[in-house]
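Peer 1: Here you go, one structure.
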Amino acid sequence: MSNNSRIEAMVNLKSFAKTGLLWVCLLFLALSLPLAAVEEDLAPEHATGQQHNQSVQADKALVVTAHPLATRAGYEVLQNGGSAADAAVAIQAMLTLVEPQSSGIGGGAFMLYWDQQAGRLHAYDGRETAPASADAKLFYRDDKPMSWPDALVGGRSVGTPGVLKLLEMAQTHHGKLPWAALFRAAIDQSRAGFSVGPRLHQLIASGINPGLDRYPQARDYFFTPAGEPLPVGYLRQNPRLADSLEQIAESGTDAFYQGPLAAAMVDRIRQVSDNPGRLSLEDLASYQAVEREPLCLPYQRFRVCGFPPPTSGGVTVLQILKLLEGFDLSQPDPLSPRFNHLFTQASRLAFADRGRYLADPDFVDVPVAGLLDPTYLQQRAALIHAQQDSGQAQPGVPENSELSRADDQSPELPSTSHFVVVDQWGNAVSVTSSIEMAFGSTLMAGGFLLNNQLTDFSFVPEQDGRAIANRVEAGKRPRSSMAPFMVFDEQGRLYAAIGSPGGSRIINYVARSLLLMLNSDLPLQEVVNQPHVSNRNGQTELEAGTTAEQLAKPLAEMGHQIKIRDLNSGLHGFRRLPQGGWESAVDNRREGQALGE
């Protein structure tokens, strides 16, 4: 195969958006390709341009989120004496209003919380769960797996939202301010309205979610009376959300999981005529957030900590880092063919294991210890060829793994947001929050969108008689790729926190950023602004319109199949400065902001 034939340019989705044909392209792909190909070709939120973000340095406290109003809400909580856990509640409430396509109280989240005084890292799991009435063929119709867009839109894909229970658990343990006070900014902003920004406008106009104009509540909210996408600068008020948040502020999460608001959600999910769901009042009332044990491994002179299953992000990112620890990556050039080749080869191996073994550990024996065992990783690292692409990697056989499993088949296209906070006492959060595909199921209740996270399950429960770990089961949490991370130095001090949206590419965005952060002296803002290179055990993807495109020829000569495409992250983080204090990083691919003092 010639080099030219290896270099495949991606169709520019933004040009389709301008002509209103993006949803047609998306729907055609989803109907005509297997789920693995859908995941390869589509992104949860396509690129909507870049902005120039300034890094902020702070001596005491710092907040970084994907929207200025959310950053300000969290920062004001810190100024009023609140903790990082308090700020997280205010941030998520505001993101529900101003970044509805990405996250909200109708979705789920994973949180790492560092308790400075206790010297302890907590991992809080607010992932959605499948209804009690769900079975392995939830996404079957006429005894065949449904197409992805048919499953995505409507009630069938909605899991029990978990983010509020997570926030309640964290704030109960670590908060300093009254729960009700944390919602004030979002309530007031919902009533006053917020100005629609370019990103939200472009995502509505793109038609990226084929069901956004299907149901009256979402259509009336995201489009003008004339049927046009909300224009930039439009004052979007949301009194229904304000009412919902006031109930939650006054009565706690019981106002969400029981009573009239719960009934409204269930009615919307079960009564939608074209694709009803199974979520019940009992599913909502019985939901519980879970505290899990963080995953921490030494890397170089640091201790790197991620989130355990049911997200695959922690294990897979840690595998990538440890697979490369035996290679000399000191002061890596982000555009070096060698560095990016080695990164893609480690990612191939890690993604192969991810597809076979990772799922909800409450339902499946996940061999986490075996996957992160030093001897196993050394054996896997020996498969990396320094000069030649290995092609599709096969899963390994870690200790205590089930050999009878088949590989996962799920598109996993989450629309997501990540934020980080460090407070004046040194407590910190790293939170990744999601409603799955951009605009979720497109069903609205109480002024917020409901998730479509259940499509993160494998639609097919088994293959060739072998069970798939991430199959649908009642009460189970679908596998995720969300990857909130924290890093600690040799003295055990908090050194950094980072994470990103981006579907299963989250893993590549976070892993590559950590490699650059921990092996170079680049400022953190430069680390997150680096052009993306991604490989999920398939094509090597290079971020379109960036200097990453210059890697196409040398990587193709090493055997890579190249695809140039938009790669839209939302990396947000902070890092300790050598002289003390913190530096922020705000991904220039979104509309985020950092504030600190």
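Residue numbering restarts at 1 in every chain; chains get A, B, ... in the order shown in the structure tokens, and ligands count up from 1 in that same order.
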Write out as a PyMOL selection string the set of residues from stretch 253-493 of chain A that DSSP, computed on the backbone, places in helix (DSSP H, G or I).

Peer 2: chain A and resi 254-257+259-271+281-286+313-323+337-357+368-371+374-381+453-456

Peer 1: Give me the residues near stretch 513-516 of chain A as number ranges by chain, where near means some atom within 8 Å (using only C-alpha atoms) and where sequence neighbours in that chain fewer than 3 positions away do not count.

Peer 2: A: 321, 331-332, 334, 509-510, 519-520, 522, 527-528

Peer 1: At a cut-off of 12 Å, using only C-alpha atoms, what residues contact A:Pro260? Leave out same-chain residues fewer than 5 positions from it and give the result as a PyMOL selection string.

Peer 2: chain A and resi 243-244+247-248+254-255+265-267+281+445-446

Peer 1: For the residues in that selection, give me C-alpha atoms as an mmCIF file, in the first residue's frame.

Peer 2:
```
data_model
loop_
_atom_site.group_PDB
_atom_site.id
_atom_site.type_symbol
_atom_site.label_atom_id
_atom_site.label_comp_id
_atom_site.auth_asym_id
_atom_site.auth_seq_id
_atom_site.Cartn_x
_atom_site.Cartn_y
_atom_site.Cartn_z
ATOM 1 C CA ASP A 243 -38.200 25.455 39.858
ATOM 2 C CA SER A 244 -36.521 22.024 39.813
ATOM 3 C CA GLN A 247 -37.011 21.959 45.032
ATOM 4 C CA ILE A 248 -33.671 20.135 45.171
ATOM 5 C CA ASP A 254 -35.373 13.336 47.569
ATOM 6 C CA ALA A 255 -37.022 16.093 45.526
ATOM 7 C CA MET A 265 -39.284 12.068 34.411
ATOM 8 C CA VAL A 266 -40.843 8.609 34.409
ATOM 9 C CA ASP A 267 -43.880 9.852 32.460
ATOM 10 C CA LEU A 281 -40.294 5.356 40.096
ATOM 11 C CA ALA A 445 -38.312 16.984 32.140
ATOM 12 C CA GLY A 446 -38.186 19.720 34.724
#
```

Peer 1: Counting only C-alpha atoms, give me one row per residue of stretch 280-303 of chain A with an atom at most 12 Å from an atom of stretch 367-382 of chain A, showing the shortest contact pair and its distance in Å to one decimal, sorted by chain then residue number, as a Markdown table.

Peer 2:
```
| residue | atom | partner | partner_atom | distance |
| --- | --- | --- | --- | --- |
| A:Glu293 | CA | A:Val368 | CA | 11.7 |
| A:Pro294 | CA | A:Val368 | CA | 11.6 |
| A:Leu295 | CA | A:Val368 | CA | 9.2 |
| A:Cys296 | CA | A:Leu372 | CA | 10.0 |
| A:Leu297 | CA | A:Leu372 | CA | 8.6 |
| A:Pro298 | CA | A:Pro374 | CA | 10.8 |
| A:Tyr299 | CA | A:Pro374 | CA | 11.7 |
```

Peer 1: With C-alpha atoms retained, write the just-selected residues as a tab-separated table (two decimals), in the first residue's frame.

Peer 2:
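See out-v6.tsv below for the written result:
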```tsv
chain	number	residue	atom	x	y	z
A	293	GLU	CA	-11.29	2.55	45.87
A	294	PRO	CA	-9.21	4.81	43.60
A	295	LEU	CA	-6.66	3.20	41.27
A	296	CYS	CA	-3.13	4.48	42.00
A	297	LEU	CA	0.18	3.40	40.49
A	298	PRO	CA	3.70	4.81	40.60
A	299	TYR	CA	4.85	6.45	37.38
```

Peer 1: With only C-alpha atoms as the counted atoms, please give the residues lying no more than 8 Å from A:Ala552, apart from itself and same-chain residues fewer than 3 positions off, as number ranges by chain.

Peer 2: A: 7, 542, 548-549, 555-556, 562

Peer 1: Write out the residues from the selection above, keeping C-alpha atoms, as a PDB file, in the first residue's frame.

Peer 2:
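Okay, part.pdb is ready:
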```pdb
ATOM      1  CA  ILE A   7      -3.587   8.861   4.315  1.00  0.00           C
ATOM      2  CA  LEU A 542      -4.511  13.165  13.573  1.00  0.00           C
ATOM      3  CA  ALA A 548      -0.391  17.032  13.859  1.00  0.00           C
ATOM      4  CA  GLU A 549      -1.059  16.648  10.129  1.00  0.00           C
ATOM      5  CA  LEU A 555       3.664   7.508  10.578  1.00  0.00           C
ATOM      6  CA  ALA A 556       2.292   6.123   7.317  1.00  0.00           C
ATOM      7  CA  ILE A 562      -3.951   7.528   8.960  1.00  0.00           C
TER       8      ILE A 562
END
```

Peer 1: Set the distance at 10 Å and use only C-alpha atoms: which residues neighbour A:Trp114 once local chain neighbours fewer than 4 positions away are removed? I'd like the list as a ChimeraX atom specification.

Peer 2: /A:84-85,118-123,174,422,426-430,486,494

Peer 1: What lies within 10 Å of A:Tyr257 using only C-alpha atoms, ignoring chain neighbours under 3 positions off, as a PDB file with C-alpha atoms, in the first residue's frame?

Peer 2:
```pdb
ATOM      1  CA  THR A 160     -31.274   6.308  36.286  1.00  0.00           C
ATOM      2  CA  PRO A 161     -29.459   9.650  36.681  1.00  0.00           C
ATOM      3  CA  GLY A 162     -26.738   9.578  39.321  1.00  0.00           C
ATOM      4  CA  LEU A 164     -27.079  14.448  42.202  1.00  0.00           C
ATOM      5  CA  LYS A 165     -26.604  11.453  44.503  1.00  0.00           C
ATOM      6  CA  ILE A 248     -33.671  20.135  45.171  1.00  0.00           C
ATOM      7  CA  GLY A 252     -32.290  17.583  49.008  1.00  0.00           C
ATOM      8  CA  THR A 253     -32.066  14.858  46.414  1.00  0.00           C
ATOM      9  CA  ASP A 254     -35.373  13.336  47.569  1.00  0.00           C
ATOM     10  CA  PRO A 260     -43.597  15.116  41.353  1.00  0.00           C
ATOM     11  CA  LEU A 261     -40.250  15.623  39.593  1.00  0.00           C
ATOM     12  CA  ALA A 262     -39.523  11.895  39.611  1.00  0.00           C
ATOM     13  CA  ALA A 263     -43.017  11.230  38.281  1.00  0.00           C
ATOM     14  CA  MET A 265     -39.284  12.068  34.411  1.00  0.00           C
ATOM     15  CA  LEU A 281     -40.294   5.356  40.096  1.00  0.00           C
ATOM     16  CA  GLU A 282     -38.788   2.418  41.987  1.00  0.00           C
ATOM     17  CA  ASP A 283     -35.570   2.686  39.940  1.00  0.00           C
ATOM     18  CA  LEU A 284     -35.237   6.346  40.883  1.00  0.00           C
ATOM     19  CA  ALA A 285     -36.078   5.848  44.559  1.00  0.00           C
ATOM     20  CA  SER A 286     -33.590   2.998  44.972  1.00  0.00           C
ATOM     21  CA  TYR A 287     -30.606   4.627  43.236  1.00  0.00           C
TER      22      TYR A 287
END
```

Peer 1: How many Å lie between atom CA of A:Met94 and atom CA of A:Leu595, rounded to one decimal?

Peer 2: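 Here the two named atoms are 15.6 Å from each other.
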